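J.: See query30.pdb below, with PDB, C-alpha atoms and all ligand atoms.
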ATOM      1  CA  MET A 584     129.755-109.313  46.993
ATOM      2  CA  SER A 585     129.552-106.651  49.666
ATOM      3  CA  THR A 586     128.333-107.766  53.053
ATOM      4  CA  GLU A 587     127.694-104.212  54.208
ATOM      5  CA  VAL A 588     124.268-103.773  55.731
ATOM      6  CA  ILE A 589     122.504-100.624  54.639
ATOM      7  CA  ASP A 590     120.349 -99.622  57.550
ATOM      8  CA  LEU A 591     117.697 -97.442  55.930
ATOM      9  CA  PRO A 592     114.454 -97.138  57.871
ATOM     10  CA  ILE A 593     111.609 -98.597  55.789
ATOM     11  CA  ASP A 594     109.641 -95.361  56.000
ATOM     12  CA  ASN A 595     112.353 -93.205  54.444
ATOM     13  CA  LYS A 596     110.693 -92.998  51.045
ATOM     14  CA  LEU A 597     111.033 -89.782  49.108
ATOM     15  CA  ASN A 598     108.006 -87.526  49.518
ATOM     16  CA  TRP A 599     107.385 -86.474  45.942
ATOM     17  CA  VAL A 600     104.923 -83.700  46.753
ATOM     18  CA  THR A 601     107.278 -81.846  49.115
ATOM     19  CA  THR A 602     110.294 -82.495  46.899
ATOM     20  CA  SER A 603     108.551 -81.241  43.742
ATOM     21  CA  VAL A 604     107.224 -78.118  45.479
ATOM     22  CA  LEU A 605     110.712 -77.296  46.789
ATOM     23  CA  ILE A 606     112.292 -77.770  43.353
ATOM     24  CA  PHE A 607     109.591 -75.570  41.808
ATOM     25  CA  ILE A 608     110.221 -72.843  44.441
ATOM     26  CA  HIS A 609     113.972 -72.899  43.670
ATOM     27  CA  VAL A 610     113.418 -72.653  39.902
ATOM     28  CA  GLY A 611     111.077 -69.679  40.448
ATOM     29  CA  ALA A 612     113.603 -68.050  42.793
ATOM     30  CA  ILE A 613     116.289 -68.197  40.091
ATOM     31  CA  ALA A 614     113.837 -66.833  37.515
ATOM     32  CA  ALA A 615     113.096 -63.903  39.858
ATOM     33  CA  LEU A 616     116.701 -62.723  39.513
ATOM     34  CA  PHE A 617     115.978 -61.912  35.864
ATOM     35  CA  MET A 618     112.955 -59.772  36.741
ATOM     36  CA  PHE A 619     114.422 -57.287  39.191
ATOM     37  CA  SER A 620     112.664 -54.016  39.931
ATOM     38  CA  TRP A 621     112.852 -51.804  43.020
ATOM     39  CA  LYS A 622     109.145 -52.352  43.573
ATOM     40  CA  ASN A 623     109.575 -56.143  43.497
ATOM     41  CA  LEU A 624     112.512 -55.887  45.926
ATOM     42  CA  ALA A 625     110.479 -53.741  48.336
ATOM     43  CA  VAL A 626     107.531 -56.165  48.218
ATOM     44  CA  GLY A 627     109.893 -59.130  48.715
ATOM     45  CA  LEU A 628     111.560 -57.524  51.750
ATOM     46  CA  LEU A 629     108.274 -56.470  53.326
ATOM     47  CA  LEU A 630     106.865 -59.981  52.962
ATOM     48  CA  TYR A 631     110.124 -61.526  54.222
ATOM     49  CA  TRP A 632     109.828 -59.457  57.390
ATOM     50  CA  MET A 633     106.124 -60.240  57.823
ATOM     51  CA  CYS A 634     106.340 -63.978  57.114
ATOM     52  CA  THR A 635     109.771 -65.072  58.374
ATOM     53  CA  GLY A 636     110.127 -62.309  60.999
ATOM     54  CA  LEU A 637     106.641 -61.938  62.500
ATOM     55  CA  GLY A 638     105.296 -65.302  61.327
ATOM     56  CA  ILE A 639     108.143 -67.697  62.128
ATOM     57  CA  SER A 640     110.504 -66.010  64.601
ATOM     58  CA  LEU A 641     107.977 -64.149  66.759
ATOM     59  CA  GLY A 642     104.922 -66.285  65.954
ATOM     60  CA  TYR A 643     105.493 -70.004  65.360
ATOM     61  CA  HIS A 644     108.707 -70.049  67.401
ATOM     62  CA  ARG A 645     108.706 -67.659  70.355
ATOM     63  CA  LEU A 646     104.922 -67.412  70.800
ATOM     64  CA  HIS A 647     103.238 -70.615  69.586
ATOM     65  CA  THR A 648     106.008 -73.090  70.492
ATOM     66  CA  HIS A 649     107.535 -71.621  73.625
ATOM     67  CA  ARG A 650     104.754 -69.301  74.885
ATOM     68  CA  SER A 651     107.390 -66.791  75.934
ATOM     69  CA  PHE A 652     104.892 -63.890  75.841
ATOM     70  CA  LYS A 653     101.164 -63.250  75.486
ATOM     71  CA  VAL A 654      99.260 -61.288  72.837
ATOM     72  CA  PRO A 655      95.540 -60.854  72.066
ATOM     73  CA  ILE A 656      94.129 -63.873  70.229
ATOM     74  CA  TRP A 657      93.573 -61.944  66.966
ATOM     75  CA  LEU A 658      97.276 -61.095  66.896
ATOM     76  CA  GLU A 659      98.206 -64.705  67.664
ATOM     77  CA  TYR A 660      96.095 -65.802  64.688
ATOM     78  CA  PHE A 661      97.616 -63.085  62.491
ATOM     79  CA  PHE A 662     101.151 -64.263  63.318
ATOM     80  CA  ALA A 663     100.097 -67.837  62.493
ATOM     81  CA  VAL A 664      98.728 -66.727  59.105
ATOM     82  CA  CYS A 665     102.039 -64.936  58.409
ATOM     83  CA  GLY A 666     103.914 -68.107  59.435
ATOM     84  CA  SER A 667     101.844 -70.274  57.105
ATOM     85  CA  LEU A 668     102.849 -68.026  54.178
ATOM     86  CA  THR A 669     106.435 -69.316  54.427
ATOM     87  CA  LEU A 670     105.422 -72.816  53.251
ATOM     88  CA  GLU A 671     107.059 -74.226  56.389
ATOM     89  CA  GLY A 672     103.861 -76.070  57.219
ATOM     90  CA  GLY A 673     100.880 -75.379  59.445
ATOM     91  CA  PRO A 674     101.267 -74.247  63.065
ATOM     92  CA  ILE A 675     100.501 -77.627  64.676
ATOM     93  CA  PHE A 676     103.097 -79.431  62.534
ATOM     94  CA  TRP A 677     105.742 -76.709  63.023
ATOM     95  CA  VAL A 678     105.263 -76.351  66.766
ATOM     96  CA  ALA A 679     105.173 -80.107  67.432
ATOM     97  CA  THR A 680     108.312 -80.700  65.368
ATOM     98  CA  HIS A 681     110.105 -77.928  67.196
ATOM     99  CA  ARG A 682     109.045 -79.064  70.677
ATOM    100  CA  LEU A 683     110.308 -82.533  69.764
ATOM    101  CA  HIS A 684     113.598 -80.930  68.676
ATOM    102  CA  HIS A 685     114.030 -79.318  72.103
ATOM    103  CA  GLN A 686     113.133 -82.494  73.924
ATOM    104  CA  LYS A 687     115.587 -84.674  71.985
ATOM    105  CA  SER A 688     118.137 -82.097  70.713
ATOM    106  CA  ASP A 689     120.946 -83.926  68.905
ATOM    107  CA  GLN A 690     119.846 -87.245  70.429
ATOM    108  CA  PRO A 691     118.014 -90.125  68.746
ATOM    109  CA  GLY A 692     114.505 -88.841  67.991
ATOM    110  CA  ASP A 693     115.547 -85.285  67.080
ATOM    111  CA  PRO A 694     113.758 -84.636  63.753
ATOM    112  CA  HIS A 695     116.708 -82.663  62.336
ATOM    113  CA  SER A 696     120.109 -83.094  63.963
ATOM    114  CA  PRO A 697     123.373 -82.514  62.024
ATOM    115  CA  ARG A 698     124.656 -85.640  63.799
ATOM    116  CA  ASP A 699     122.585 -87.432  61.143
ATOM    117  CA  GLY A 700     124.331 -85.343  58.447
ATOM    118  CA  ALA A 701     124.434 -81.642  57.558
ATOM    119  CA  TRP A 702     122.234 -82.114  54.490
ATOM    120  CA  TRP A 703     119.741 -84.137  56.538
ATOM    121  CA  SER A 704     119.427 -81.399  59.185
ATOM    122  CA  HIS A 705     119.088 -78.644  56.569
ATOM    123  CA  VAL A 706     116.468 -80.120  54.253
ATOM    124  CA  GLY A 707     116.839 -83.902  53.921
ATOM    125  CA  TRP A 708     114.526 -84.595  56.869
ATOM    126  CA  LEU A 709     111.707 -82.809  55.043
ATOM    127  CA  LEU A 710     112.044 -84.848  51.868
ATOM    128  CA  VAL A 711     111.103 -88.226  53.285
ATOM    129  CA  GLY A 712     107.553 -89.353  53.732
ATOM    130  CA  GLU A 713     106.476 -91.149  56.833
ATOM    131  CA  SER A 714     109.248 -90.264  59.256
ATOM    132  CA  LYS A 715     108.471 -88.715  62.615
ATOM    133  CA  HIS A 716     107.808 -85.227  61.352
ATOM    134  CA  ASN A 717     104.846 -86.547  59.402
ATOM    135  CA  ASN A 718     103.391 -88.669  62.166
ATOM    136  CA  THR A 719     100.277 -86.648  62.970
ATOM    137  CA  LYS A 720      99.274 -88.809  65.931
ATOM    138  CA  LEU A 721     102.663 -88.413  67.588
ATOM    139  CA  LEU A 722     102.867 -84.709  66.785
ATOM    140  CA  ALA A 723      99.364 -84.003  68.156
ATOM    141  CA  LYS A 724     100.594 -85.104  71.589
ATOM    142  CA  TYR A 725     102.960 -82.142  71.586
ATOM    143  CA  THR A 726     100.360 -79.495  70.711
ATOM    144  CA  PRO A 727      97.246 -79.877  72.879
ATOM    145  CA  ASP A 728      97.223 -76.090  73.388
ATOM    146  CA  LEU A 729      96.942 -75.402  69.648
ATOM    147  CA  GLY A 730      94.672 -78.375  68.939
ATOM    148  CA  LYS A 731      91.970 -76.761  71.081
ATOM    149  CA  HIS A 732      91.580 -73.974  68.516
ATOM    150  CA  ARG A 733      89.444 -74.734  65.482
ATOM    151  CA  PHE A 734      91.313 -72.050  63.567
ATOM    152  CA  TYR A 735      94.707 -73.708  64.129
ATOM    153  CA  ARG A 736      93.311 -77.111  63.142
ATOM    154  CA  TRP A 737      91.964 -75.577  59.943
ATOM    155  CA  LEU A 738      95.171 -73.651  59.219
ATOM    156  CA  ASN A 739      97.255 -76.766  59.826
ATOM    157  CA  SER A 740      95.413 -78.605  57.045
ATOM    158  CA  TYR A 741      95.028 -75.746  54.566
ATOM    159  CA  HIS A 742      98.083 -73.553  55.304
ATOM    160  CA  TRP A 743      99.279 -73.760  51.688
ATOM    161  CA  THR A 744      96.039 -72.298  50.250
ATOM    162  CA  LEU A 745      96.894 -68.857  51.648
ATOM    163  CA  THR A 746     100.064 -68.733  49.556
ATOM    164  CA  PHE A 747      97.901 -69.129  46.430
ATOM    165  CA  VAL A 748      95.639 -66.284  47.588
ATOM    166  CA  LEU A 749      98.668 -64.046  48.206
ATOM    167  CA  ALA A 750     100.129 -64.981  44.797
ATOM    168  CA  ALA A 751      96.874 -63.936  43.081
ATOM    169  CA  ILE A 752      96.875 -60.600  44.929
ATOM    170  CA  LEU A 753     100.526 -59.958  43.966
ATOM    171  CA  PHE A 754      99.872 -60.884  40.332
ATOM    172  CA  ILE A 755      97.035 -58.348  40.090
ATOM    173  CA  ALA A 756      98.749 -55.639  42.160
ATOM    174  CA  GLY A 757     102.039 -56.069  40.308
ATOM    175  CA  GLY A 758     100.436 -56.169  36.874
ATOM    176  CA  TYR A 759      98.320 -53.036  37.083
ATOM    177  CA  SER A 760      99.779 -49.631  36.355
ATOM    178  CA  ALA A 761      98.538 -46.347  34.872
ATOM    179  CA  SER A 762      99.228 -47.707  31.387
ATOM    180  CA  GLY A 763      97.121 -50.855  31.830
ATOM    181  CA  PHE A 764      97.809 -54.462  32.784
ATOM    182  CA  SER A 765     101.161 -56.154  32.166
ATOM    183  CA  THR A 766     101.283 -59.931  32.652
ATOM    184  CA  LYS A 767     105.077 -59.788  32.785
ATOM    185  CA  ALA A 768     105.042 -57.247  35.627
ATOM    186  CA  GLY A 769     102.467 -59.354  37.497
ATOM    187  CA  VAL A 770     104.582 -62.496  37.123
ATOM    188  CA  GLY A 771     107.676 -60.540  38.256
ATOM    189  CA  MET A 772     106.004 -59.539  41.512
ATOM    190  CA  VAL A 773     104.856 -63.125  42.145
ATOM    191  CA  LEU A 774     108.403 -64.402  41.543
ATOM    192  CA  TRP A 775     109.815 -61.937  44.070
ATOM    193  CA  GLY A 776     107.011 -61.902  46.644
ATOM    194  CA  ILE A 777     106.377 -65.653  46.597
ATOM    195  CA  PHE A 778     109.172 -67.726  45.027
ATOM    196  CA  LEU A 779     112.390 -65.874  45.892
ATOM    197  CA  ARG A 780     111.058 -64.652  49.250
ATOM    198  CA  ILE A 781     109.917 -68.158  50.273
ATOM    199  CA  CYS A 782     113.140 -69.768  49.029
ATOM    200  CA  LEU A 783     115.344 -67.424  51.095
ATOM    201  CA  GLY A 784     113.032 -67.764  54.106
ATOM    202  CA  LEU A 785     113.255 -71.556  53.951
ATOM    203  CA  HIS A 786     117.051 -71.603  53.775
ATOM    204  CA  ALA A 787     117.306 -69.053  56.603
ATOM    205  CA  THR A 788     115.051 -71.144  58.854
ATOM    206  CA  TRP A 789     116.763 -74.377  57.825
ATOM    207  CA  ALA A 790     120.134 -72.784  58.691
ATOM    208  CA  VAL A 791     118.954 -72.604  62.311
ATOM    209  CA  ASN A 792     118.583 -76.390  62.242
ATOM    210  CA  SER A 793     121.848 -77.027  60.410
ATOM    211  CA  ALA A 794     124.395 -74.171  60.797
ATOM    212  CA  THR A 795     123.586 -73.188  64.391
ATOM    213  CA  HIS A 796     124.005 -76.787  65.491
ATOM    214  CA  MET A 797     127.460 -76.876  63.852
ATOM    215  CA  TRP A 798     129.169 -73.461  63.689
ATOM    216  CA  GLY A 799     129.524 -70.657  66.223
ATOM    217  CA  GLY A 800     130.319 -69.998  69.856
ATOM    218  CA  ARG A 801     128.841 -71.752  72.863
ATOM    219  CA  ARG A 802     128.124 -69.523  75.870
ATOM    220  CA  PHE A 803     126.196 -72.226  77.701
ATOM    221  CA  ALA A 804     127.269 -75.855  78.151
ATOM    222  CA  THR A 805     123.954 -77.249  76.935
ATOM    223  CA  ARG A 806     123.577 -81.012  76.412
ATOM    224  CA  ASP A 807     123.160 -80.451  72.628
ATOM    225  CA  ASP A 808     125.482 -78.960  69.967
ATOM    226  CA  SER A 809     123.677 -75.589  69.673
ATOM    227  CA  ARG A 810     125.736 -72.506  68.766
ATOM    228  CA  ASN A 811     125.403 -68.725  68.653
ATOM    229  CA  ASN A 812     125.861 -67.592  65.057
ATOM    230  CA  LEU A 813     125.725 -63.914  64.037
ATOM    231  CA  ALA A 814     125.224 -64.578  60.305
ATOM    232  CA  VAL A 815     122.193 -66.776  60.977
ATOM    233  CA  ALA A 816     120.859 -64.260  63.518
ATOM    234  CA  LEU A 817     120.979 -61.495  60.906
ATOM    235  CA  ILE A 818     118.932 -63.394  58.305
ATOM    236  CA  THR A 819     116.418 -64.836  60.793
ATOM    237  CA  PHE A 820     115.509 -61.781  62.924
ATOM    238  CA  GLY A 821     117.560 -63.048  65.871
ATOM    239  CA  GLU A 822     117.038 -66.810  65.731
ATOM    240  CA  GLY A 823     120.775 -67.428  65.303
ATOM    241  CA  TRP A 824     121.486 -66.988  69.042
ATOM    242  CA  HIS A 825     120.555 -70.622  69.240
ATOM    243  CA  ASN A 826     122.844 -71.727  72.074
ATOM    244  CA  ASN A 827     121.281 -69.021  74.273
ATOM    245  CA  HIS A 828     117.901 -70.304  73.135
ATOM    246  CA  HIS A 829     118.558 -73.968  73.926
ATOM    247  CA  ALA A 830     119.854 -72.925  77.347
ATOM    248  CA  HIS A 831     116.763 -70.786  78.014
ATOM    249  CA  PRO A 832     113.994 -72.000  75.660
ATOM    250  CA  THR A 833     111.168 -69.972  77.195
ATOM    251  CA  SER A 834     113.003 -66.640  77.056
ATOM    252  CA  ALA A 835     111.441 -64.273  74.525
ATOM    253  CA  ARG A 836     114.841 -62.628  74.217
ATOM    254  CA  HIS A 837     117.404 -64.740  72.320
ATOM    255  CA  GLY A 838     120.255 -62.251  71.909
ATOM    256  CA  LEU A 839     121.093 -62.006  75.605
ATOM    257  CA  ALA A 840     124.122 -59.690  75.385
ATOM    258  CA  TRP A 841     123.720 -56.073  74.232
ATOM    259  CA  TYR A 842     125.798 -56.820  71.109
ATOM    260  CA  GLU A 843     123.692 -59.834  70.117
ATOM    261  CA  PHE A 844     121.369 -58.176  67.605
ATOM    262  CA  ASP A 845     117.887 -59.636  67.920
ATOM    263  CA  ILE A 846     115.260 -57.872  65.783
ATOM    264  CA  SER A 847     112.403 -59.990  67.128
ATOM    265  CA  TRP A 848     113.308 -58.948  70.663
ATOM    266  CA  ILE A 849     113.352 -55.278  69.645
ATOM    267  CA  THR A 850     109.967 -55.746  67.918
ATOM    268  CA  LEU A 851     108.603 -57.389  71.051
ATOM    269  CA  LYS A 852     109.795 -54.515  73.237
ATOM    270  CA  LEU A 853     107.913 -52.110  70.927
ATOM    271  CA  MET A 854     104.807 -54.319  71.096
ATOM    272  CA  LYS A 855     105.049 -54.337  74.885
ATOM    273  CA  ALA A 856     105.367 -50.555  74.989
ATOM    274  CA  ALA A 857     102.259 -50.310  72.763
ATOM    275  CA  GLY A 858     100.349 -52.588  75.141
ATOM    276  CA  LEU A 859     100.133 -55.436  72.595
ATOM    277  CA  ALA A 860     102.370 -57.931  74.408
ATOM    278  CA  LYS A 861     102.480 -58.882  78.083
ATOM    279  CA  ASN A 862     103.876 -61.578  80.382
ATOM    280  CA  VAL A 863     107.150 -61.378  78.441
ATOM    281  CA  ARG A 864     109.627 -63.920  79.813
ATOM    282  CA  VAL A 865     113.302 -62.956  79.703
ATOM    283  CA  ALA A 866     116.361 -64.951  80.762
ATOM    284  CA  LYS A 867     119.353 -63.252  82.314
ATOM    285  CA  ILE A 868     122.704 -63.798  80.627
ATOM    286  CA  ASN A 869     124.193 -65.297  83.820
ATOM    287  CA  ALA A 870     121.168 -67.403  84.756
ATOM    288  CA  PRO A 871     121.760 -71.130  85.296
ATOM    289  CA  LEU A 872     120.657 -73.505  82.520
ATOM    290  CA  ALA A 873     116.908 -73.864  82.124
ATOM    291  CA  GLU A 874     116.882 -76.322  79.206
ATOM    292  CA  GLU A 875     115.460 -79.173  81.286
ATOM    293  CA  LYS A 876     112.161 -77.320  81.356
ATOM    294  CA  ALA A 877     112.267 -77.046  77.559
ATOM    295  CA  ALA A 878     109.138 -75.900  75.736
TER     296      ALA A 878
HETATM  297 ZN    ZN A 901     118.183 -76.348  68.002
HETATM  298 ZN    ZN A 902     112.921 -73.233  70.162
END
Now, as a test, write the supplied structure out as structure tokens.

T.:
Amino acid sequence: MSTEVIDLPIDNKLNWVTTSVLIFIHVGAIAALFMFSWKNLAVGLLLYWMCTGLGISLGYHRLHTHRSFKVPIWLEYFFAVCGSLTLEGGPIFWVATHRLHHQKSDQPGDPHSPRDGAWWSHVGWLLVGESKHNNTKLLAKYTPDLGKHRFYRWLNSYHWTLTFVLAAILFIAGGYSASGFSTKAGVGMVLWGIFLRICLGLHATWAVNSATHMWGGRRFATRDDSRNNLAVALITFGEGWHNNHHAHPTSARHGLAWYEFDISWITLKLMKAAGLAKNVRVAKINAPLAEEKAA
């Protein structure tokens, strides 16, 4: 008989709701590949930019978590709505989890470190029930700024409902044409605008937690394993310059060198020029480490 002790935390039970939703999203994403049309591709790309680009990279991450710039409150809310359409959770959950990640990066207590396994850091951490990322009481401590807003409290509980609303709009918009209504065309647009788009957005965001803590260069000697990874930066609107980001968490600019392509930074510069963003915080490439003041 084996004497090996298996040290599984008692609360690591599979969360069937999250797991089933993620399986369903992946099945729909594969189905989308059989319903290609240029219109579906255009809708998918537009929504990918709005939800993963504006919603996650600029919104949830650089604005809501790190407060690296300021925008009018209506725009802050709009970014949060876009973020919720990725099915990455409500703003309070996302922001708290990410602040915890900066505080404990690759140390015990980090919600998603590859030191606990590559699969764990990519998606495994989301599949278990009562672990830290689901501890509302603990997470609320990290988000007093968001908790003050009734809208964020509401969105945090009902974030997933907006995806259903968007799916209904896409089904109707995709189905109607001059020749009448086609259910197949409506379903095709939902598969591209919801399932495939969400699936790719999830893996892109998850790659920041997994790949950019494993593969890539390290400009700054941060206390964690963060890396700068061009491939991840390209699919996440600039989030792949993750070693720069861990070194300077409150900088709105992540690609610090001219050759580090950072679409969110370019977008932010345009927003600033249009008078929509102010108090934009930017780290210099040769600045000393600022990670201790994380989040
Ligand atoms: Zn990180
Ligand atoms: Zn961050």

J.: Pick out the residues no farther than 9 Å from ligand ZN 901 (chain A), counting all atoms listed in the file, and list them as an NGL selection string.

T.: :A and (681 or 684-685 or 688-689 or 695-696 or 791-793 or 795-796 or 807-810 or 825-826 or 828-829)

J.: Smallest atom-to-atom distance to Leu658 (chain A): which of A:Leu779, A:Leu745, A:Leu709, A:Ala860, using all atoms listed in the file?

T.: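 Ranking A:Leu779, A:Leu745, A:Leu709, A:Ala860 by distance to Leu658 (chain A), first place goes to A:Ala860.
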
J.: Using only C-alpha atoms and all ligand atoms, find the one residue out of A:Tyr741, A:Tyr842, A:Trp824, A:Trp621 that sits nearest to ligand ZN 902 (chain A).

T.: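 Closest residue, counting only C-alpha atoms and all ligand atoms: A:Trp824.
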
J.: Using all atoms listed in the file, pick whichever of A:Ala751, A:Ala835, A:Leu637, A:Leu722 has the shortest atom-to-atom distance to ligand ZN 902 (chain A).

T.: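 Of A:Ala751, A:Ala835, A:Leu637, A:Leu722, the one nearest ligand ZN 902 (chain A), counting all atoms listed in the file, is A:Ala835.
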
J.: So which one's closest to His742 (chain A), A:Gly769, A:Gly611, A:Pro691, A:Pro674? Using all atoms listed in the file, please.

T.: A:Pro674

J.: Name the residues in contact with Met854 (chain A) at a cut-off of 12 Å, using all atoms listed in the file, excluding same-chain residues fewer than 3 positions from it; report them as a ChimeraX atom specification.

T.: /A:637,641,652-655,658,847-851,857-863

J.: Selection from above, C-alpha atoms, as a PDB file, keeping the file's coordinate frame, can you write it?

T.:
ATOM      1  CA  LEU A 637     106.641 -61.938  62.500  1.00  0.00           C
ATOM      2  CA  LEU A 641     107.977 -64.149  66.759  1.00  0.00           C
ATOM      3  CA  PHE A 652     104.892 -63.890  75.841  1.00  0.00           C
ATOM      4  CA  LYS A 653     101.164 -63.250  75.486  1.00  0.00           C
ATOM      5  CA  VAL A 654      99.260 -61.288  72.837  1.00  0.00           C
ATOM      6  CA  PRO A 655      95.540 -60.854  72.066  1.00  0.00           C
ATOM      7  CA  LEU A 658      97.276 -61.095  66.896  1.00  0.00           C
ATOM      8  CA  SER A 847     112.403 -59.990  67.128  1.00  0.00           C
ATOM      9  CA  TRP A 848     113.308 -58.948  70.663  1.00  0.00           C
ATOM     10  CA  ILE A 849     113.352 -55.278  69.645  1.00  0.00           C
ATOM     11  CA  THR A 850     109.967 -55.746  67.918  1.00  0.00           C
ATOM     12  CA  LEU A 851     108.603 -57.389  71.051  1.00  0.00           C
ATOM     13  CA  ALA A 857     102.259 -50.310  72.763  1.00  0.00           C
ATOM     14  CA  GLY A 858     100.349 -52.588  75.141  1.00  0.00           C
ATOM     15  CA  LEU A 859     100.133 -55.436  72.595  1.00  0.00           C
ATOM     16  CA  ALA A 860     102.370 -57.931  74.408  1.00  0.00           C
ATOM     17  CA  LYS A 861     102.480 -58.882  78.083  1.00  0.00           C
ATOM     18  CA  ASN A 862     103.876 -61.578  80.382  1.00  0.00           C
ATOM     19  CA  VAL A 863     107.150 -61.378  78.441  1.00  0.00           C
TER      20      VAL A 863
END

J.: List the residues selected by the PyMOL selection byres (((chain A and resi 801) around 7) and not hetatm) in the file shown, writing them as a PyMOL selection string.

T.: chain A and resi 799-800+802-804+810-811+826

J.: Have a look at A:Ala615, A:Leu753, A:Ile639, A:Val664 and name the one nearest to ligand ZN 902 (chain A); count all atoms listed in the file.

T.: A:Ile639

J.: Please report the interatomic distance between CA of Ala840 (chain A) and CA of Leu813 (chain A) in Å with one decimal.

T.: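 These atoms are spaced 12.2 Å apart.
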
J.: Just checking: using all atoms listed in the file, which residue out of A:Leu783, A:Val678, A:Ala830, A:Val815 ends up closest to Met797 (chain A)?

T.: A:Val815

J.: I need the output of the PyMOL selection byres (((chain A and resi 668) around 12) and not hetatm) for this file as a ChimeraX atom specification; which residues are they?

T.: /A:630-639,643,661-667,669-674,738-739,741-750,776-778,780-782,784-785

J.: I'd like the interatomic distance between CA of Ser760 (chain A) and CA of Leu628 (chain A), to a tenth of an Å.

T.: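 Distance between the two atoms: 20.9 Å.
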